[in-house]
Amino acid sequence: MDALRASTMLLLVPVHAAALLAQNGHRGAWATAVYWLVHVFRLPLFFTMSGFFLAFMLGRKGLQQTARNRTLRIVVPLLLGLLTVVPLTVFAAERSGIVLSAGRGVPTGSPFTFEPGFLWFLWYLLIVDCAAVALFLTAPGAVSAVASAIRQLIRRPAMGVAIFSLPTAAALWPEPNWVAAPAVDTFVPALPVLLYYSLFFALGATLCVHRDLVSAARAHAWRWTACAVCATVPAALLFSLHNAPAYGSRPEVHAAALLIYATATWTTLIALVGLADRYARRPRPVVRYMADASYWIYLSHMPSVVLLVAAVGATTLGTAPQFALVTLGSLAVSLLTYPLLVRYTLVGRLLNGPRAKRRRFPAPWLALTRPAA
């Protein structure tokens, strides 16, 4: 599950690279495809994993330790990010002439705008976490009933996915690009977006409480994958037509397309949970390291993405090489700074908890260097 949570943060780098290139005149159908395809599952998966780990912590650590953990892992990084990384991103965009969000133009004025910016989903996660804990404390019976209902629906996949797709599609109805991304210039939450991600948060909490659902997803992982592909392909075709006046202006077409898109999201989530439980259960040092580094990559990547978009935009390279350079360059900056500035520092303890340094050499090498008795 850690690997899934880390992947949602790592995928943010290519998503932002594609979005900023498109918003600054380097358009391509493939960039739209990358942005759209990743958003079929990335943010829903993030909130699913967040619900899973919140329920896990409440069950293992209790309310007090869970509140302390959420404060250190979400509230403090959010506040520090609003005072450092977000202003740095705005400053870099202003100096390099890069548009950060569609329809707003190049930033001007003070970089200390005190807007959530790309940290908006930490803010939404904090709201959902607080609401979930409040419900857990005040209405545990209702929470248990909802979890049982979700469990029964997931155990009947065809009916469950069909029912879940209805509120999901309804929440996405006002979104022209079918992506639940609220305005980044306000802390006032958009209710449809909040409800949209709350559905997946509830799914994650239910998966934690009822682990048999994870086992069932594991047993049928490839069937779920086939269902996800069968839903995603027509959803992508319909999305390519949704801006055409002959199709996109018709509400019945929009409703049908959103239902197929929602079906693709739910089936993809369950498929990814099953595949992860089947193939990523064994601890791997590289996966563990990347999971630890993923939060820092999320927090730190945006200024380098802005500067790299400005740098490659001045070249004659095609959009695809530009995208690769921006993505890999930003990842390289974050991965190089992580062991130097974060992993074994106070920042690392804040983001991931303490990490013990490994010995530079394995034990047999150390034995050879010891003086003979």
# chains A, B, ... in the order shown; residues from 1 in each chain; ligands from 1
$ select_by_dssp --residues "segment 51-193 of chain A" --states "alpha helix (DSSP H)" --output "PyMOL selection string"
chain A and resi 51-70+76-83+85-96+120-138+140-154+157-172+191-193
$ closest_atom_pairs --of "segment 273-344 of chain A" --to "segment 67-89 of chain A" --cutoff "10 Å" --atoms "only C-alpha atoms" --output "CSV"
residue,atom,partner,partner_atom,distance
A:Tyr295,CA,A:Arg73,CA,9.6
A:Trp296,CA,A:Pro77,CA,9.9
A:Leu299,CA,A:Gly81,CA,7.2
A:Ser300,CA,A:Val85,CA,6.7
A:His301,CA,A:Val85,CA,9.0
A:Met302,CA,A:Thr89,CA,6.2
A:Pro303,CA,A:Thr89,CA,4.5
A:Ser304,CA,A:Thr89,CA,8.3
A:Val305,CA,A:Thr89,CA,9.0
A:Val306,CA,A:Thr89,CA,7.1
A:Leu307,CA,A:Thr89,CA,9.0
$ write_last_selection --atoms "N, CA and C atoms" --output "PDB file, in the first residue's frame"
ATOM      1  N   TYR A 295       7.097  12.021  -0.727  1.00  0.00           N
ATOM      2  CA  TYR A 295       6.475  13.214  -0.135  1.00  0.00           C
ATOM      3  C   TYR A 295       7.340  14.446  -0.399  1.00  0.00           C
ATOM      4  N   TRP A 296       8.649  14.298  -0.261  1.00  0.00           N
ATOM      5  CA  TRP A 296       9.552  15.405  -0.567  1.00  0.00           C
ATOM      6  C   TRP A 296       9.481  15.770  -2.045  1.00  0.00           C
ATOM      7  N   LEU A 299       6.415  17.873  -2.553  1.00  0.00           N
ATOM      8  CA  LEU A 299       6.514  19.215  -2.002  1.00  0.00           C
ATOM      9  C   LEU A 299       7.507  20.098  -2.756  1.00  0.00           C
ATOM     10  N   SER A 300       8.578  19.503  -3.271  1.00  0.00           N
ATOM     11  CA  SER A 300       9.696  20.304  -3.783  1.00  0.00           C
ATOM     12  C   SER A 300       9.766  20.424  -5.292  1.00  0.00           C
ATOM     13  N   HIS A 301       8.967  19.659  -6.037  1.00  0.00           N
ATOM     14  CA  HIS A 301       9.214  19.544  -7.474  1.00  0.00           C
ATOM     15  C   HIS A 301       8.803  20.770  -8.282  1.00  0.00           C
ATOM     16  N   MET A 302       7.826  21.534  -7.795  1.00  0.00           N
ATOM     17  CA  MET A 302       7.194  22.533  -8.649  1.00  0.00           C
ATOM     18  C   MET A 302       8.137  23.655  -9.091  1.00  0.00           C
ATOM     19  N   PRO A 303       8.980  24.230  -8.213  1.00  0.00           N
ATOM     20  CA  PRO A 303       9.885  25.290  -8.705  1.00  0.00           C
ATOM     21  C   PRO A 303      10.800  24.808  -9.827  1.00  0.00           C
ATOM     22  N   SER A 304      11.335  23.587  -9.707  1.00  0.00           N
ATOM     23  CA  SER A 304      12.224  23.087 -10.756  1.00  0.00           C
ATOM     24  C   SER A 304      11.457  22.802 -12.038  1.00  0.00           C
ATOM     25  N   VAL A 305      10.207  22.347 -11.926  1.00  0.00           N
ATOM     26  CA  VAL A 305       9.390  22.145 -13.127  1.00  0.00           C
ATOM     27  C   VAL A 305       9.194  23.468 -13.858  1.00  0.00           C
ATOM     28  N   VAL A 306       8.886  24.531 -13.123  1.00  0.00           N
ATOM     29  CA  VAL A 306       8.675  25.850 -13.732  1.00  0.00           C
ATOM     30  C   VAL A 306       9.935  26.305 -14.464  1.00  0.00           C
ATOM     31  N   LEU A 307      11.081  26.216 -13.790  1.00  0.00           N
ATOM     32  CA  LEU A 307      12.330  26.677 -14.401  1.00  0.00           C
ATOM     33  C   LEU A 307      12.720  25.823 -15.606  1.00  0.00           C
TER      34      LEU A 307
END
$ residues_around --residues "Ala93 of chain A" --least-positions-apart "3" --cutoff "8 Å" --atoms "only C-alpha atoms" --output "mmCIF file with C-alpha atoms, in the first residue's frame"
data_model
loop_
_atom_site.group_PDB
_atom_site.id
_atom_site.type_symbol
_atom_site.label_atom_id
_atom_site.label_comp_id
_atom_site.auth_asym_id
_atom_site.auth_seq_id
_atom_site.Cartn_x
_atom_site.Cartn_y
_atom_site.Cartn_z
ATOM 1 C CA THR A 89 7.105 28.630 -7.361
ATOM 2 C CA VAL A 90 5.264 31.915 -7.940
ATOM 3 C CA SER A 96 10.649 33.193 -16.151
ATOM 4 C CA GLY A 97 7.301 34.274 -17.640
ATOM 5 C CA ILE A 98 5.555 30.957 -17.040
ATOM 6 C CA VAL A 99 1.778 30.640 -16.649
ATOM 7 C CA LEU A 100 0.962 28.440 -13.655
ATOM 8 C CA VAL A 106 1.924 35.081 -15.643
ATOM 9 C CA PRO A 107 1.966 35.859 -11.891
ATOM 10 C CA VAL A 306 8.675 25.850 -13.732
ATOM 11 C CA LEU A 307 12.330 26.677 -14.401
#
$ atom_distance --atom1 "atom CA of Phe200 of chain A" --atom2 "atom CA of Thr265 of chain A"
10.0 Å
$ closest_residue --among "A:Ala190, A:Val143, A:Leu12, A:Leu317" --to "Ser330 of chain A" --atoms "only C-alpha atoms"
A:Leu12
$ residues_around --residues "Leu54 of chain A" --least-positions-apart "5" --cutoff "8 Å" --atoms "only C-alpha atoms" --output "VMD selection string"
chain A and resid 66 129 205
$ atom_distance --atom1 "atom CA of Val161 of chain A" --atom2 "atom CA of Val146 of chain A"
15.7 Å
$ residues_around --residues "Gly313 of chain A" --least-positions-apart "5" --cutoff "9 Å" --atoms "only C-alpha atoms" --output "list in words"
Leu21, Asn24, Gly25, His26, Leu308, Thr319 and Gln322 of chain A
$ write_last_selection --atoms "C-alpha atoms" --output "PDB file, in the first residue's frame"
ATOM      1  CA  LEU A  21       3.997  22.801 -21.190  1.00  0.00           C
ATOM      2  CA  ASN A  24       2.678  27.808 -22.104  1.00  0.00           C
ATOM      3  CA  GLY A  25       2.183  27.095 -25.783  1.00  0.00           C
ATOM      4  CA  HIS A  26       3.773  23.644 -26.150  1.00  0.00           C
ATOM      5  CA  LEU A 308      12.821  23.654 -16.647  1.00  0.00           C
ATOM      6  CA  THR A 319       7.209  18.719 -27.161  1.00  0.00           C
ATOM      7  CA  GLN A 322      10.746  18.767 -23.662  1.00  0.00           C
TER       8      GLN A 322
END
$ atom_distance --atom1 "atom CA of Pro174 of chain A" --atom2 "atom CA of Pro192 of chain A"
8.5 Å
$ closest_residue --among "A:Gly51, A:Leu259, A:Arg278, A:Thr316" --to "Val209 of chain A" --atoms "only C-alpha atoms"
A:Gly51
